[in-house]
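So the structure is just underneath, and the comments pick up after that.
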Amino acid sequence: MIFDRKGIADEQLIHLYTELLRSRMIEEKMLLLLRQGKVSKWFSGIGQEAIAVGATLALESDEYIMPLHRNLGVFTARKMPFAKLFKQWQGSKDGFSKGRERSFHFGTNEYHICGMISHLGPQLAIADGVALAHKLRDEHKVALAFSGDGGTSEGDFHEALNVAAVWGLPVIFIIENNGYGLSTPVSEQFACKQLADKAIGYGMKGITIDGNNVLDVYNEITNARMYCIAEQKPILVECMTFRMRGHEEASGVKYVPKELFEEWGKKDPLVNFEQYLRYTGILDDTKIAGARETIRKEIEDGVAKGFEAQPIVPDSKEETSDVYAVNTVPVSGPQAAGTEKKFIQAISDGLRVCMERYPNLVLMGQDIAEYGGAFKVTEGFVQLFGKERVRNTPLCESAIVGAALGLSIKGFKAMMEMQFADFVTVGFNQVINNLAKIHYRWGQNADVVIRMPTGGGVGAGPFHSQSNEAWFVHTPGLKVVYPSTPEDAKGLMIAAIEDPNPVMFFEHKALYRSISGPVPDGYYNTEIGKARQVQQGSDISIITYGMGVHWATAYAGRHKDISFDILDLRTLLPLDYDAIRASVMRTGKVLLLHEDTLTGGIGGELAAWIAEHCFDSLDAPIMRCAGMDTPIPFSLELEHNFMAVSRLDGVVQKLLGY
């Protein structure tokens with residue numbers, strides 16, 4: 001192995017060696033503890049340390065890194081206390097995630113690391129968002145994200161690289177090509193000669209380097225960093241290496257030809273670098289022994305402190321309170337007179353108010369810039385706020401949700417327009433496993449709003465008319481908002497953008513231009529989690545939201561002989577249980593109405609809660625009126641038959657019969 005120091009000072013060479021040695025010695029200790037049954041699991045990066053160490057030390061300490069399982073050197077080179085790291089691996093309360101996450105599935109803003117999730121790939125888009133924040137602030141910084149060779153087969157890899165290239169983002173994408181994704185060889189992962197060859201397809205620079213040569217890694221990433229900053233472009237760096245242990249220890253290495261271990265064993269990054277430093281006289285036996293003893297003591301002290309940690313005593317209140325970041329923005333009612341506006345104009349007005357009020361708010365979505373979006377919600381915004389803040393995106397929902405999270409990590413607010421709510425399935429992983437869980441996992445909020453044009457009634461068929469709000473109501477960490485009036489559309493939009501938590505903001509497409517109402521001018525917000533009493537009554541409670549509110553009020557208007565109590569939930573997560581209970585107590589008869597399909601819809605959850613908490617107030621069974629359990633059809637006649645409104649009278653009459 002040939003080392004080229006390229007003017008690197010002796011002190012930095014020793015620093016590189018020390019960090020390689022620290023990573024290796026920690027690994028060896030963890031494998032020993034694993035064999036002794038004192039730790040439960042370990043993903044070994046032995047043989048790959050040069051990539052994590054070299055890349056980390058080539059960056060500034062405040063530049064974010066998105067590492068993977070085998071990147072221990074990222075954490076240790078960032079000077080994270082080993083005792084706390086060990087507690088993290090042991091699931092201790094005093095680790096970085098309060099015992100809520102395993103191994104390296106955590107992040108820390110103090111050390112500028114955003115930890116992985118198990119789905120291999122989503123962290124790449126987060127790097128895009130962090131780099132976009134640097135670009136918007138004109139900071140000379142980069143973001144760096146790791147991928148394994150197996151992870152390059154994920155759609156997130158394609159989306160993240162494409163967005164970075166199109167937007168000109170200073171991101172270093174590192175592929176650790178160690179030959180195997182668990183047991184799947186690279187020959188079954190890709191057909192190109194080198195993974196770096198993929199870069200040309202994105203119009204970006206790609207290089208392949210020796211991942212076991214720490215000086216090559218350090219020098220090439222240093223150069224890559226300068227390139228990304230100067231050119232405002234991303235780069236793909238493929239690091240050739242080899243995993244000397246199993247994917248994790250339990251999986252073993254029987255699938256790997258023995259000759260590969262012999263070949264790569266001669267390329268050991270620590271052994272070869274140590275020999276080089278001995279040869280040049282920078283290190284000798286005494287210095288090496290001293291470094292080993294210092295690290296050994298650090299490890300033993302950290303392990304001892306880790307084993308001294310007391311078992312976690314669960315605190316359910318703390319567990320639930322940590323799911324969401326605290327919203328410190330006060331509720332502020334309207335201060336100005338109202339102007340008649342359509343539903344869609346109210347949403348646009350809410351966005352405009354927020355863009356003026358929060359210079360750190362960035363809007364992203366397909367066709368939202370000059371075109372104004374599929375429904376023209378952001379029409380004219382480019383002229384008002386510029387293309388830096390009103391950003392057209394490629395067709396890649398997952399990457400844009402991930403980029404929104406990256407922006408949040410850097411203190412921005414982000415709104416993403418999901419062109420149709422149906423398309424959220426393409427970004428589902430980012431929403432459910434990144435946005436929703438990140439505050440509970442390590443205290444990082446996701447200041448992201450995803451606008452969801454939803455619902456039927458416009459003859460758009462199965463892929464443009466679904467009601468999928470129930471998918472997200474099931475997910476702790478998200479908030480789900482669904483206004484039915486122009487006034488609420490504006491007030492809740494402002495509240496959603498001000499909330500530091502991820503908000504799924506549902507907008508019924510059929511309401512966009514079909515309803516109008518007075519909307520207060522200027523700034524105001526509507527409290528998330530509070531229902532709206534549409535009208536009070538004594539015979540039947542209709543608890544509903546969105547289009548259901550208009551179905552209910554229209555039906556009540558045609559049946560003046562029945563006293564309806566109509567409650568507009570407005571927010572589906574969290575729910576206003578006090579308002580629900582009060583409505584049930586007024587009537588004793590409950591009809592739960594929604595457009596979504598019956599099975600698995602939010603009506604089932606509401607029915608269960610009412611039966612459990614309001615049973616003594618009920619005078620009849622709880623009734624549900626919902627969409628049919630079919631995909632929503634295209635034909636207007638079939639679509640009307642699908643809709644709950646076509647069955648509303650029958651359910652009301654049945655309920656009256658009790």
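Following the order of the structure tokens, chains are lettered A, B, ..., residues in each are numbered from 1, and ligands are numbered from 1.
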- Task: For Val362 (chain A), work out the shell of residues within 9 Å, counting only C-alpha atoms and skipping chain neighbours fewer than 6 positions away, then give it as number ranges by chain.
- Result: A: 355, 388-391, 404, 407, 412-416
- Write out as a VMD selection string each polymer residue whose atoms come within 7 Å of region 563-575 of chain A, counting only C-alpha atoms; drop sequence neighbours fewer than 4 positions from it. chain A and resid 473 479 to 483 528 to 545 549 556 583
Residues of the last selection are to be written out with C-alpha atoms, as a PDB file, in the first residue's frame.
ATOM      1  CA  VAL A 473     -53.508   9.155  12.396  1.00  0.00           C
ATOM      2  CA  LYS A 479     -50.050  15.787  13.483  1.00  0.00           C
ATOM      3  CA  VAL A 480     -52.957  15.478  11.065  1.00  0.00           C
ATOM      4  CA  VAL A 481     -55.013  18.542  10.165  1.00  0.00           C
ATOM      5  CA  TYR A 482     -58.112  18.594   7.942  1.00  0.00           C
ATOM      6  CA  PRO A 483     -60.015  21.921   7.650  1.00  0.00           C
ATOM      7  CA  ILE A 528     -54.316  22.491  16.346  1.00  0.00           C
ATOM      8  CA  GLY A 529     -56.154  19.845  18.369  1.00  0.00           C
ATOM      9  CA  LYS A 530     -59.367  21.842  18.918  1.00  0.00           C
ATOM     10  CA  ALA A 531     -62.621  20.875  17.226  1.00  0.00           C
ATOM     11  CA  ARG A 532     -65.181  23.397  15.913  1.00  0.00           C
ATOM     12  CA  GLN A 533     -68.808  23.240  16.988  1.00  0.00           C
ATOM     13  CA  VAL A 534     -70.744  23.782  13.764  1.00  0.00           C
ATOM     14  CA  GLN A 535     -74.130  23.712  15.462  1.00  0.00           C
ATOM     15  CA  GLN A 536     -75.582  22.375  18.681  1.00  0.00           C
ATOM     16  CA  GLY A 537     -78.470  19.955  18.840  1.00  0.00           C
ATOM     17  CA  SER A 538     -80.178  17.395  21.033  1.00  0.00           C
ATOM     18  CA  ASP A 539     -81.204  14.451  18.813  1.00  0.00           C
ATOM     19  CA  ILE A 540     -78.137  13.156  16.952  1.00  0.00           C
ATOM     20  CA  SER A 541     -74.435  14.014  17.091  1.00  0.00           C
ATOM     21  CA  ILE A 542     -72.691  13.956  13.730  1.00  0.00           C
ATOM     22  CA  ILE A 543     -68.967  13.916  14.341  1.00  0.00           C
ATOM     23  CA  THR A 544     -67.116  14.508  11.104  1.00  0.00           C
ATOM     24  CA  TYR A 545     -64.464  16.518   9.239  1.00  0.00           C
ATOM     25  CA  VAL A 549     -69.040  18.708   7.481  1.00  0.00           C
ATOM     26  CA  ALA A 556     -79.471  19.038   8.589  1.00  0.00           C
ATOM     27  CA  SER A 583     -71.314  16.319  21.874  1.00  0.00           C
TER      28      SER A 583
END
- Query: Do you have the CA of Pro185 (chain A)-CA of Tyr255 (chain A) distance handy?
  - Reply: 9.3 Å
- Which residues come within 10 Å of Thr152 (chain A), counting only C-alpha atoms, excluding same-chain residues fewer than 3 positions away, as a PyMOL selection string? chain A and resi 120-121+147-149+155-158+175+177+189-190+195+198
- Out of region 100-236 of chain A, which residues get alpha helix (DSSP H) from DSSP, as an MDAnalysis selection string? chainID A and resid 122:136 155:167 214:231
- Task: Quick one: everything within 12 Å of Glu249 (chain A), counting only C-alpha atoms, minus sequence neighbours fewer than 5 positions away in the same chain. Send it as a list in words.
- Result: Glu27, Met30, Leu31, Leu32, Leu34, Arg35, Val39, Ser40, Lys41, Trp42, Phe43, Ser44, Gly45, Ile46, Leu182, Arg243, Met244 and Lys254 of chain A
- Task: For Thr599 (chain A), please output as a ChimeraX atom specification all residues within 10 Å (counting only C-alpha atoms; exclusion window: fewer than 5 positions along the same chain).
- Result: /A:604,626-629
